[in-house]
Amino acid sequence: MTTVTLGHLDETVQQASAAAVARVLEAYELEIEYVVAPRAEMIEHMRRGDVDLFVSAWLPDVDGAFLAPELGMEAFGQLYRPAFGWSVPEAAATGVTSIAGLAAADCPVNREIVTPASLLDRVRQVVAAYNLTEAGYTIAARPDAEACDHAAQVLEGSLPEIIPAWQPSFVHYGQKLLALDDPKGSYGAEQEARILLRSAARPEMDTDLLDELDELTLGNKVVSALDHAMRFEGMSAEDAAEAWQRGKLLPR
């Protein structure tokens, strides 16, 4: 095999992790053809055999559909561990450490929760678990890009607002956030970001390459830094991955 098709979702976190994997593929002198699509379209690409490697599937829950038997994909490795949660800027926390404390009458946190539309169901789940509507909280769902811009403004100004987000993400870069505890477990389970391989392509793949990919670990901290570099430092996914590989982004 001299050319490999590498699939990823059209999101900066996924672009960044795919670019890091691409650095490994290039070291084995493989040509890379990218397949970029939303989840529903990616499933069809997999069904047609268009994708040799996919980076990355959040398993077992978020991207479990990618492992449907008829798609012929198998999971290996673990690049990082995605986890959903709510946070507030450290400078604005003022004693709030748990979601349970948000309902207190003297809690200084803004009662409007701005969320990316893609996270709306998860945010509703947390609000319901803690009866936050009764405490005056409302949900403002915005397009993902707009909500991300809002989160950046909250961080820049250390505003007392809740930021619902997956980790890794640019919002977690620099450790400026205080993660709110979730004693009721309403955030949902932590996921594993894994590489998917088209099973039919395995015999054609270099076994040393597969072993190296199986052992490749980026970690949430690195992926958050990659996401931040792409969003705020004008880097492409490839430039950010190269900076990481050269130790200029974060220590490996």
# chains A, B, ... in the order shown; residues from 1 in each chain; ligands from 1
$ residues_around --residues "Glu204 (chain A)" --least-positions-apart "6" --cutoff "12 Å" --atoms "only C-alpha atoms" --output "VMD selection string"
chain A and resid 1 to 4 52 197 to 198 210
$ residues_around --residues "region 133-139 of chain A" --least-positions-apart "6" --cutoff "8 Å" --atoms "only C-alpha atoms" --output "compact mmCIF listing (two decimals) with N, CA and C atoms, in the first residue's frame"
# COMPACT_ATOMS: atom_id res chain seq x y z
N ALA A 103 -27.27 26.20 42.45
CA ALA A 103 -28.65 26.56 42.78
C ALA A 103 -28.75 27.49 43.99
N ALA A 104 -27.65 27.69 44.68
CA ALA A 104 -27.69 28.57 45.87
C ALA A 104 -28.08 29.99 45.48
N ALA A 105 -28.88 30.63 46.31
CA ALA A 105 -29.38 31.98 46.01
C ALA A 105 -28.26 32.99 45.84
N ARG A 111 -26.96 33.17 35.25
CA ARG A 111 -28.02 32.16 35.13
C ARG A 111 -28.28 31.74 33.68
N GLU A 112 -27.72 32.41 32.71
CA GLU A 112 -27.88 31.98 31.31
C GLU A 112 -26.71 31.10 30.91
N ILE A 113 -27.01 29.91 30.43
CA ILE A 113 -25.98 28.96 30.01
C ILE A 113 -25.92 28.97 28.48
N VAL A 114 -24.85 29.53 27.93
CA VAL A 114 -24.67 29.55 26.48
C VAL A 114 -23.99 28.25 26.07
N THR A 115 -24.64 27.51 25.18
CA THR A 115 -24.11 26.21 24.79
C THR A 115 -24.05 26.08 23.27
N ARG A 124 -29.05 20.01 28.61
CA ARG A 124 -30.40 19.81 29.16
C ARG A 124 -30.40 18.69 30.20
N VAL A 127 -28.98 20.12 33.45
CA VAL A 127 -29.94 21.06 34.05
C VAL A 127 -31.08 20.30 34.72
$ residues_around --residues "Val13 (chain A)" --least-positions-apart "5" --cutoff "12 Å" --atoms "only C-alpha atoms" --output "PDB file with N, CA, C and O atoms, in the first residue's frame"
ATOM      1  N   HIS A   8     -11.669  11.964   8.749  1.00  0.00           N
ATOM      2  CA  HIS A   8     -11.927  12.631  10.025  1.00  0.00           C
ATOM      3  C   HIS A   8     -13.130  13.535   9.871  1.00  0.00           C
ATOM      4  O   HIS A   8     -13.512  13.935   8.764  1.00  0.00           O
ATOM      5  N   ALA A  18      -6.086  14.135  13.520  1.00  0.00           N
ATOM      6  CA  ALA A  18      -5.801  13.471  12.241  1.00  0.00           C
ATOM      7  C   ALA A  18      -4.466  13.939  11.686  1.00  0.00           C
ATOM      8  O   ALA A  18      -3.692  13.137  11.125  1.00  0.00           O
ATOM      9  N   ALA A  19      -4.158  15.212  11.835  1.00  0.00           N
ATOM     10  CA  ALA A  19      -2.874  15.731  11.353  1.00  0.00           C
ATOM     11  C   ALA A  19      -1.709  15.118  12.107  1.00  0.00           C
ATOM     12  O   ALA A  19      -0.645  14.843  11.525  1.00  0.00           O
ATOM     13  N   ALA A  20      -1.897  14.885  13.417  1.00  0.00           N
ATOM     14  CA  ALA A  20      -0.833  14.234  14.196  1.00  0.00           C
ATOM     15  C   ALA A  20      -0.614  12.806  13.728  1.00  0.00           C
ATOM     16  O   ALA A  20       0.535  12.351  13.609  1.00  0.00           O
ATOM     17  N   VAL A  55      -9.767   8.917  12.138  1.00  0.00           N
ATOM     18  CA  VAL A  55      -9.253   9.525  13.374  1.00  0.00           C
ATOM     19  C   VAL A  55     -10.175  10.679  13.758  1.00  0.00           C
ATOM     20  O   VAL A  55     -10.308  11.641  13.012  1.00  0.00           O
ATOM     21  N   SER A  56     -10.783  10.619  14.907  1.00  0.00           N
ATOM     22  CA  SER A  56     -10.825   9.482  15.813  1.00  0.00           C
ATOM     23  C   SER A  56     -12.274   9.247  16.207  1.00  0.00           C
ATOM     24  O   SER A  56     -13.079  10.176  16.212  1.00  0.00           O
ATOM     25  N   ALA A  57     -12.574   8.002  16.553  1.00  0.00           N
ATOM     26  CA  ALA A  57     -13.918   7.638  17.008  1.00  0.00           C
ATOM     27  C   ALA A  57     -13.974   7.739  18.520  1.00  0.00           C
ATOM     28  O   ALA A  57     -13.117   7.188  19.217  1.00  0.00           O
ATOM     29  N   TRP A  58     -14.990   8.445  19.035  1.00  0.00           N
ATOM     30  CA  TRP A  58     -15.166   8.572  20.488  1.00  0.00           C
ATOM     31  C   TRP A  58     -16.069   7.433  20.944  1.00  0.00           C
ATOM     32  O   TRP A  58     -17.272   7.442  20.700  1.00  0.00           O
ATOM     33  N   LEU A  79      -5.909   7.586  21.551  1.00  0.00           N
ATOM     34  CA  LEU A  79      -5.206   8.848  21.364  1.00  0.00           C
ATOM     35  C   LEU A  79      -5.375   9.796  22.541  1.00  0.00           C
ATOM     36  O   LEU A  79      -4.448  10.493  22.936  1.00  0.00           O
ATOM     37  N   TYR A  80      -6.582   9.855  23.085  1.00  0.00           N
ATOM     38  CA  TYR A  80      -6.875  10.710  24.235  1.00  0.00           C
ATOM     39  C   TYR A  80      -8.203  10.260  24.829  1.00  0.00           C
ATOM     40  O   TYR A  80      -8.810   9.290  24.347  1.00  0.00           O
ATOM     41  N   PRO A  82     -11.784  11.786  25.710  1.00  0.00           N
ATOM     42  CA  PRO A  82     -12.760  12.875  25.748  1.00  0.00           C
ATOM     43  C   PRO A  82     -13.699  12.751  26.948  1.00  0.00           C
ATOM     44  O   PRO A  82     -14.134  11.654  27.302  1.00  0.00           O
ATOM     45  N   TRP A 166     -16.671  19.743  25.693  1.00  0.00           N
ATOM     46  CA  TRP A 166     -15.882  18.520  25.751  1.00  0.00           C
ATOM     47  C   TRP A 166     -14.435  18.889  26.052  1.00  0.00           C
ATOM     48  O   TRP A 166     -13.945  19.939  25.639  1.00  0.00           O
ATOM     49  N   GLN A 167     -13.774  18.039  26.764  1.00  0.00           N
ATOM     50  CA  GLN A 167     -12.326  18.113  26.903  1.00  0.00           C
ATOM     51  C   GLN A 167     -11.763  16.905  26.157  1.00  0.00           C
ATOM     52  O   GLN A 167     -12.266  15.786  26.384  1.00  0.00           O
ATOM     53  N   PRO A 168     -10.810  17.103  25.238  1.00  0.00           N
ATOM     54  CA  PRO A 168     -10.004  18.296  25.004  1.00  0.00           C
ATOM     55  C   PRO A 168     -10.718  19.341  24.161  1.00  0.00           C
ATOM     56  O   PRO A 168     -11.591  19.043  23.362  1.00  0.00           O
ATOM     57  N   SER A 169     -10.288  20.582  24.368  1.00  0.00           N
ATOM     58  CA  SER A 169     -10.838  21.722  23.644  1.00  0.00           C
ATOM     59  C   SER A 169      -9.961  22.926  23.943  1.00  0.00           C
ATOM     60  O   SER A 169      -9.269  22.964  24.958  1.00  0.00           O
ATOM     61  N   PHE A 170     -10.027  23.919  23.060  1.00  0.00           N
ATOM     62  CA  PHE A 170      -9.233  25.134  23.273  1.00  0.00           C
ATOM     63  C   PHE A 170      -9.553  25.788  24.607  1.00  0.00           C
ATOM     64  O   PHE A 170      -8.699  26.456  25.186  1.00  0.00           O
ATOM     65  N   VAL A 171     -10.784  25.604  25.128  1.00  0.00           N
ATOM     66  CA  VAL A 171     -11.144  26.275  26.380  1.00  0.00           C
ATOM     67  C   VAL A 171     -10.336  25.724  27.558  1.00  0.00           C
ATOM     68  O   VAL A 171     -10.209  26.382  28.587  1.00  0.00           O
ATOM     69  N   ALA A 193     -10.848   8.086  22.637  1.00  0.00           N
ATOM     70  CA  ALA A 193     -10.661   8.490  21.242  1.00  0.00           C
ATOM     71  C   ALA A 193      -9.749   7.459  20.575  1.00  0.00           C
ATOM     72  O   ALA A 193      -8.547   7.417  20.842  1.00  0.00           O
ATOM     73  N   LEU A 218      -1.683  11.002  22.313  1.00  0.00           N
ATOM     74  CA  LEU A 218      -1.591  12.461  22.281  1.00  0.00           C
ATOM     75  C   LEU A 218      -1.919  13.043  23.647  1.00  0.00           C
ATOM     76  O   LEU A 218      -1.184  13.874  24.174  1.00  0.00           O
ATOM     77  N   GLY A 219      -3.042  12.616  24.220  1.00  0.00           N
ATOM     78  CA  GLY A 219      -3.472  13.124  25.524  1.00  0.00           C
ATOM     79  C   GLY A 219      -4.315  14.380  25.369  1.00  0.00           C
ATOM     80  O   GLY A 219      -4.186  15.133  24.395  1.00  0.00           O
ATOM     81  N   ASN A 220      -5.184  14.615  26.329  1.00  0.00           N
ATOM     82  CA  ASN A 220      -6.096  15.752  26.279  1.00  0.00           C
ATOM     83  C   ASN A 220      -5.360  17.087  26.262  1.00  0.00           C
ATOM     84  O   ASN A 220      -5.776  18.036  25.592  1.00  0.00           O
ATOM     85  N   LYS A 221      -4.259  17.190  26.986  1.00  0.00           N
ATOM     86  CA  LYS A 221      -3.528  18.455  27.072  1.00  0.00           C
ATOM     87  C   LYS A 221      -2.963  18.855  25.719  1.00  0.00           C
ATOM     88  O   LYS A 221      -3.065  20.023  25.308  1.00  0.00           O
ATOM     89  N   VAL A 222      -2.389  17.904  25.010  1.00  0.00           N
ATOM     90  CA  VAL A 222      -1.811  18.194  23.696  1.00  0.00           C
ATOM     91  C   VAL A 222      -2.894  18.557  22.693  1.00  0.00           C
ATOM     92  O   VAL A 222      -2.765  19.517  21.932  1.00  0.00           O
ATOM     93  N   VAL A 223      -3.996  17.792  22.682  1.00  0.00           N
ATOM     94  CA  VAL A 223      -5.066  18.066  21.717  1.00  0.00           C
ATOM     95  C   VAL A 223      -5.708  19.423  22.003  1.00  0.00           C
ATOM     96  O   VAL A 223      -6.064  20.160  21.074  1.00  0.00           O
ATOM     97  N   SER A 224      -5.841  19.778  23.264  1.00  0.00           N
ATOM     98  CA  SER A 224      -6.354  21.113  23.606  1.00  0.00           C
ATOM     99  C   SER A 224      -5.421  22.201  23.058  1.00  0.00           C
ATOM    100  O   SER A 224      -5.882  23.227  22.531  1.00  0.00           O
ATOM    101  N   ALA A 225      -4.114  21.973  23.161  1.00  0.00           N
ATOM    102  CA  ALA A 225      -3.141  22.953  22.651  1.00  0.00           C
ATOM    103  C   ALA A 225      -3.192  23.025  21.129  1.00  0.00           C
ATOM    104  O   ALA A 225      -3.077  24.119  20.547  1.00  0.00           O
ATOM    105  N   LEU A 226      -3.375  21.891  20.469  1.00  0.00           N
ATOM    106  CA  LEU A 226      -3.508  21.882  19.011  1.00  0.00           C
ATOM    107  C   LEU A 226      -4.746  22.665  18.579  1.00  0.00           C
ATOM    108  O   LEU A 226      -4.707  23.466  17.643  1.00  0.00           O
ATOM    109  N   ASP A 227      -5.856  22.441  19.276  1.00  0.00           N
ATOM    110  CA  ASP A 227      -7.103  23.138  18.973  1.00  0.00           C
ATOM    111  C   ASP A 227      -6.921  24.646  19.161  1.00  0.00           C
ATOM    112  O   ASP A 227      -7.355  25.457  18.329  1.00  0.00           O
ATOM    113  N   HIS A 228      -6.265  25.040  20.241  1.00  0.00           N
ATOM    114  CA  HIS A 228      -6.022  26.456  20.512  1.00  0.00           C
ATOM    115  C   HIS A 228      -5.140  27.072  19.428  1.00  0.00           C
ATOM    116  O   HIS A 228      -5.406  28.193  18.953  1.00  0.00           O
ATOM    117  N   ALA A 229      -4.111  26.361  19.018  1.00  0.00           N
ATOM    118  CA  ALA A 229      -3.198  26.878  17.992  1.00  0.00           C
ATOM    119  C   ALA A 229      -3.920  27.112  16.669  1.00  0.00           C
ATOM    120  O   ALA A 229      -3.665  28.101  15.968  1.00  0.00           O
ATOM    121  N   MET A 230      -4.841  26.205  16.331  1.00  0.00           N
ATOM    122  CA  MET A 230      -5.586  26.349  15.082  1.00  0.00           C
ATOM    123  C   MET A 230      -6.588  27.493  15.155  1.00  0.00           C
ATOM    124  O   MET A 230      -6.776  28.226  14.181  1.00  0.00           O
ATOM    125  N   ARG A 231      -7.215  27.686  16.293  1.00  0.00           N
ATOM    126  CA  ARG A 231      -8.266  28.700  16.419  1.00  0.00           C
ATOM    127  C   ARG A 231      -7.723  30.113  16.625  1.00  0.00           C
ATOM    128  O   ARG A 231      -8.293  31.079  16.126  1.00  0.00           O
ATOM    129  N   SER A 236      -2.507  26.056  10.604  1.00  0.00           N
ATOM    130  CA  SER A 236      -3.271  24.963  10.009  1.00  0.00           C
ATOM    131  C   SER A 236      -3.105  23.744  10.894  1.00  0.00           C
ATOM    132  O   SER A 236      -2.234  23.712  11.783  1.00  0.00           O
ATOM    133  N   ALA A 237      -3.920  22.722  10.661  1.00  0.00           N
ATOM    134  CA  ALA A 237      -3.778  21.485  11.435  1.00  0.00           C
ATOM    135  C   ALA A 237      -2.388  20.894  11.240  1.00  0.00           C
ATOM    136  O   ALA A 237      -1.761  20.400  12.184  1.00  0.00           O
ATOM    137  N   ALA A 240       0.216  22.937  13.194  1.00  0.00           N
ATOM    138  CA  ALA A 240       0.106  22.688  14.630  1.00  0.00           C
ATOM    139  C   ALA A 240       0.692  21.327  14.989  1.00  0.00           C
ATOM    140  O   ALA A 240       1.402  21.190  15.991  1.00  0.00           O
ATOM    141  N   ALA A 241       0.420  20.310  14.155  1.00  0.00           N
ATOM    142  CA  ALA A 241       0.955  18.972  14.413  1.00  0.00           C
ATOM    143  C   ALA A 241       2.480  18.960  14.307  1.00  0.00           C
ATOM    144  O   ALA A 241       3.168  18.293  15.089  1.00  0.00           O
TER     145      ALA A 241
END
$ select_by_dssp --residues "region 129-175 of chain A" --states "alpha helix (DSSP H)" --output "number ranges by chain"
A: 129, 144-157
$ write_last_selection --atoms "N, CA and C atoms" --output "mmCIF file, in the first residue's frame"
data_model
loop_
_atom_site.group_PDB
_atom_site.id
_atom_site.type_symbol
_atom_site.label_atom_id
_atom_site.label_comp_id
_atom_site.auth_asym_id
_atom_site.auth_seq_id
_atom_site.Cartn_x
_atom_site.Cartn_y
_atom_site.Cartn_z
ATOM 1 N N ALA A 129 -31.031 17.167 35.844
ATOM 2 C CA ALA A 129 -30.554 16.367 36.975
ATOM 3 C C ALA A 129 -30.483 17.185 38.263
ATOM 4 N N ASP A 144 -22.448 26.319 16.800
ATOM 5 C CA ASP A 144 -21.213 25.953 17.485
ATOM 6 C C ASP A 144 -20.122 27.019 17.381
ATOM 7 N N ALA A 145 -19.926 27.577 16.189
ATOM 8 C CA ALA A 145 -18.864 28.573 16.019
ATOM 9 C C ALA A 145 -19.128 29.809 16.864
ATOM 10 N N GLU A 146 -20.377 30.239 16.907
ATOM 11 C CA GLU A 146 -20.742 31.418 17.701
ATOM 12 C C GLU A 146 -20.567 31.142 19.191
ATOM 13 N N ALA A 147 -20.954 29.929 19.629
ATOM 14 C CA ALA A 147 -20.799 29.574 21.043
ATOM 15 C C ALA A 147 -19.327 29.487 21.433
ATOM 16 N N CYS A 148 -18.495 29.023 20.514
ATOM 17 C CA CYS A 148 -17.056 28.963 20.792
ATOM 18 C C CYS A 148 -16.475 30.365 20.932
ATOM 19 N N ASP A 149 -16.918 31.296 20.089
ATOM 20 C CA ASP A 149 -16.464 32.688 20.209
ATOM 21 C C ASP A 149 -16.897 33.270 21.554
ATOM 22 N N HIS A 150 -18.119 32.930 21.976
ATOM 23 C CA HIS A 150 -18.604 33.411 23.272
ATOM 24 C C HIS A 150 -17.759 32.852 24.408
ATOM 25 N N ALA A 151 -17.424 31.558 24.330
ATOM 26 C CA ALA A 151 -16.591 30.944 25.371
ATOM 27 C C ALA A 151 -15.229 31.625 25.459
ATOM 28 N N ALA A 152 -14.678 31.972 24.307
ATOM 29 C CA ALA A 152 -13.387 32.662 24.294
ATOM 30 C C ALA A 152 -13.491 34.015 24.986
ATOM 31 N N GLN A 153 -14.618 34.717 24.782
ATOM 32 C CA GLN A 153 -14.831 36.006 25.445
ATOM 33 C C GLN A 153 -14.986 35.834 26.949
ATOM 34 N N VAL A 154 -15.670 34.772 27.355
ATOM 35 C CA VAL A 154 -15.833 34.484 28.784
ATOM 36 C C VAL A 154 -14.471 34.254 29.437
ATOM 37 N N LEU A 155 -13.625 33.487 28.750
ATOM 38 C CA LEU A 155 -12.288 33.212 29.277
ATOM 39 C C LEU A 155 -11.438 34.473 29.321
ATOM 40 N N GLU A 156 -11.502 35.256 28.246
ATOM 41 C CA GLU A 156 -10.689 36.473 28.164
ATOM 42 C C GLU A 156 -11.049 37.449 29.277
ATOM 43 N N GLY A 157 -12.341 37.548 29.565
ATOM 44 C CA GLY A 157 -12.775 38.487 30.581
ATOM 45 C C GLY A 157 -12.964 37.895 31.954
#
$ closest_residue --among "A:Glu44, A:Glu192, A:Trp86, A:Leu6" --to "Glu31 (chain A)" --atoms "only C-alpha atoms"
A:Leu6
$ closest_residue --among "A:Gln125, A:Ser118, A:Gln15, A:Ser199" --to "Glu74 (chain A)" --atoms "only C-alpha atoms"
A:Ser199
$ atom_distance --atom1 "CA of Asp61 (chain A)" --atom2 "CA of Ala200 (chain A)"
24.3 Å
$ closest_residue --among "A:Ala37, A:Leu30, A:Val109, A:Ala22" --to "Ala93 (chain A)" --atoms "only C-alpha atoms"
A:Val109
$ residues_around --residues "Pro38 (chain A)" --least-positions-apart "5" --cutoff "9 Å" --atoms "only C-alpha atoms" --output "PDB file with N, CA and C atoms, in the first residue's frame"
ATOM      1  N   HIS A   8     -11.669  11.964   8.749  1.00  0.00           N
ATOM      2  CA  HIS A   8     -11.927  12.631  10.025  1.00  0.00           C
ATOM      3  C   HIS A   8     -13.130  13.535   9.871  1.00  0.00           C
ATOM      4  N   LEU A   9     -13.758  13.854  10.994  1.00  0.00           N
ATOM      5  CA  LEU A   9     -14.891  14.776  10.993  1.00  0.00           C
ATOM      6  C   LEU A   9     -14.395  16.205  10.804  1.00  0.00           C
ATOM      7  N   ASP A  10     -15.277  17.064  10.312  1.00  0.00           N
ATOM      8  CA  ASP A  10     -14.888  18.442  10.012  1.00  0.00           C
ATOM      9  C   ASP A  10     -15.001  19.312  11.260  1.00  0.00           C
ATOM     10  N   GLU A  11     -14.148  19.018  12.240  1.00  0.00           N
ATOM     11  CA  GLU A  11     -14.082  19.757  13.498  1.00  0.00           C
ATOM     12  C   GLU A  11     -12.611  19.964  13.824  1.00  0.00           C
ATOM     13  N   ILE A  43     -20.372   7.799   7.727  1.00  0.00           N
ATOM     14  CA  ILE A  43     -20.862   6.420   7.772  1.00  0.00           C
ATOM     15  C   ILE A  43     -21.018   5.865   6.364  1.00  0.00           C
TER      16      ILE A  43
END
$ select_by_dssp --residues "region 41-177 of chain A" --states "strand (DSSP E or B)" --output "number ranges by chain"
A: 53-59, 73-80, 83-89, 98, 112-116, 138-142, 163-167, 177
$ residues_around --residues "Leu178 (chain A)" --least-positions-apart "5" --cutoff "7 Å" --atoms "only C-alpha atoms" --output "count of residues only"
4
$ closest_residue --among "A:Val96, A:Gln78, A:Asp106, A:Phe232" --to "Asp181 (chain A)" --atoms "only C-alpha atoms"
A:Val96
$ atom_distance --atom1 "CA of Val51 (chain A)" --atom2 "CA of Thr217 (chain A)"
21.6 Å
$ decode --residues "region 184-204 of chain A" --atoms "N, CA and C atoms" --output "PDB file, in the first residue's frame"
ATOM      1  N   LYS A 184     -23.902  13.705  40.706  1.00  0.00           N
ATOM      2  CA  LYS A 184     -24.982  12.847  40.221  1.00  0.00           C
ATOM      3  C   LYS A 184     -24.626  12.111  38.922  1.00  0.00           C
ATOM      4  N   GLY A 185     -23.445  12.373  38.413  1.00  0.00           N
ATOM      5  CA  GLY A 185     -23.017  11.673  37.202  1.00  0.00           C
ATOM      6  C   GLY A 185     -23.784  12.041  35.950  1.00  0.00           C
ATOM      7  N   SER A 186     -24.270  13.277  35.875  1.00  0.00           N
ATOM      8  CA  SER A 186     -25.100  13.681  34.737  1.00  0.00           C
ATOM      9  C   SER A 186     -24.292  14.031  33.487  1.00  0.00           C
ATOM     10  N   TYR A 187     -22.981  14.178  33.633  1.00  0.00           N
ATOM     11  CA  TYR A 187     -22.153  14.484  32.467  1.00  0.00           C
ATOM     12  C   TYR A 187     -22.107  13.321  31.465  1.00  0.00           C
ATOM     13  N   GLY A 188     -22.273  12.117  31.978  1.00  0.00           N
ATOM     14  CA  GLY A 188     -22.114  10.949  31.118  1.00  0.00           C
ATOM     15  C   GLY A 188     -20.710  10.379  31.239  1.00  0.00           C
ATOM     16  N   ALA A 189     -20.504   9.248  30.616  1.00  0.00           N
ATOM     17  CA  ALA A 189     -19.242   8.520  30.756  1.00  0.00           C
ATOM     18  C   ALA A 189     -18.120   9.130  29.939  1.00  0.00           C
ATOM     19  N   GLU A 190     -16.914   9.029  30.461  1.00  0.00           N
ATOM     20  CA  GLU A 190     -15.723   9.400  29.711  1.00  0.00           C
ATOM     21  C   GLU A 190     -15.588   8.472  28.498  1.00  0.00           C
ATOM     22  N   GLN A 191     -15.101   9.015  27.407  1.00  0.00           N
ATOM     23  CA  GLN A 191     -14.942   8.248  26.179  1.00  0.00           C
ATOM     24  C   GLN A 191     -13.467   7.935  25.917  1.00  0.00           C
ATOM     25  N   GLU A 192     -13.218   7.104  24.923  1.00  0.00           N
ATOM     26  CA  GLU A 192     -11.866   6.836  24.454  1.00  0.00           C
ATOM     27  C   GLU A 192     -11.794   7.214  22.981  1.00  0.00           C
ATOM     28  N   ALA A 193     -10.848   8.086  22.637  1.00  0.00           N
ATOM     29  CA  ALA A 193     -10.661   8.490  21.242  1.00  0.00           C
ATOM     30  C   ALA A 193      -9.749   7.459  20.575  1.00  0.00           C
ATOM     31  N   ARG A 194     -10.335   6.643  19.700  1.00  0.00           N
ATOM     32  CA  ARG A 194      -9.597   5.528  19.110  1.00  0.00           C
ATOM     33  C   ARG A 194      -9.525   5.662  17.592  1.00  0.00           C
ATOM     34  N   ILE A 195      -8.520   5.048  17.010  1.00  0.00           N
ATOM     35  CA  ILE A 195      -8.361   5.003  15.560  1.00  0.00           C
ATOM     36  C   ILE A 195      -9.187   3.841  15.024  1.00  0.00           C
ATOM     37  N   LEU A 196      -9.827   4.042  13.884  1.00  0.00           N
ATOM     38  CA  LEU A 196     -10.546   2.960  13.222  1.00  0.00           C
ATOM     39  C   LEU A 196      -9.791   2.540  11.974  1.00  0.00           C
ATOM     40  N   LEU A 197      -9.718   1.253  11.758  1.00  0.00           N
ATOM     41  CA  LEU A 197      -9.049   0.670  10.595  1.00  0.00           C
ATOM     42  C   LEU A 197     -10.056  -0.139   9.795  1.00  0.00           C
ATOM     43  N   ARG A 198     -10.051   0.070   8.476  1.00  0.00           N
ATOM     44  CA  ARG A 198     -10.891  -0.771   7.622  1.00  0.00           C
ATOM     45  C   ARG A 198     -10.298  -2.177   7.636  1.00  0.00           C
ATOM     46  N   SER A 199     -11.064  -3.122   8.131  1.00  0.00           N
ATOM     47  CA  SER A 199     -10.544  -4.475   8.342  1.00  0.00           C
ATOM     48  C   SER A 199      -9.959  -5.078   7.065  1.00  0.00           C
ATOM     49  N   ALA A 200     -10.596  -4.802   5.935  1.00  0.00           N
ATOM     50  CA  ALA A 200     -10.118  -5.359   4.669  1.00  0.00           C
ATOM     51  C   ALA A 200      -8.763  -4.789   4.267  1.00  0.00           C
ATOM     52  N   ALA A 201      -8.396  -3.647   4.835  1.00  0.00           N
ATOM     53  CA  ALA A 201      -7.115  -3.025   4.498  1.00  0.00           C
ATOM     54  C   ALA A 201      -5.973  -3.528   5.373  1.00  0.00           C
ATOM     55  N   ARG A 202      -6.283  -4.221   6.457  1.00  0.00           N
ATOM     56  CA  ARG A 202      -5.237  -4.646   7.394  1.00  0.00           C
ATOM     57  C   ARG A 202      -4.118  -5.445   6.724  1.00  0.00           C
ATOM     58  N   PRO A 203      -4.428  -6.439   5.842  1.00  0.00           N
ATOM     59  CA  PRO A 203      -3.337  -7.213   5.227  1.00  0.00           C
ATOM     60  C   PRO A 203      -2.377  -6.367   4.396  1.00  0.00           C
ATOM     61  N   GLU A 204      -2.830  -5.211   3.920  1.00  0.00           N
ATOM     62  CA  GLU A 204      -1.992  -4.357   3.087  1.00  0.00           C
ATOM     63  C   GLU A 204      -1.174  -3.360   3.902  1.00  0.00           C
TER      64      GLU A 204
END
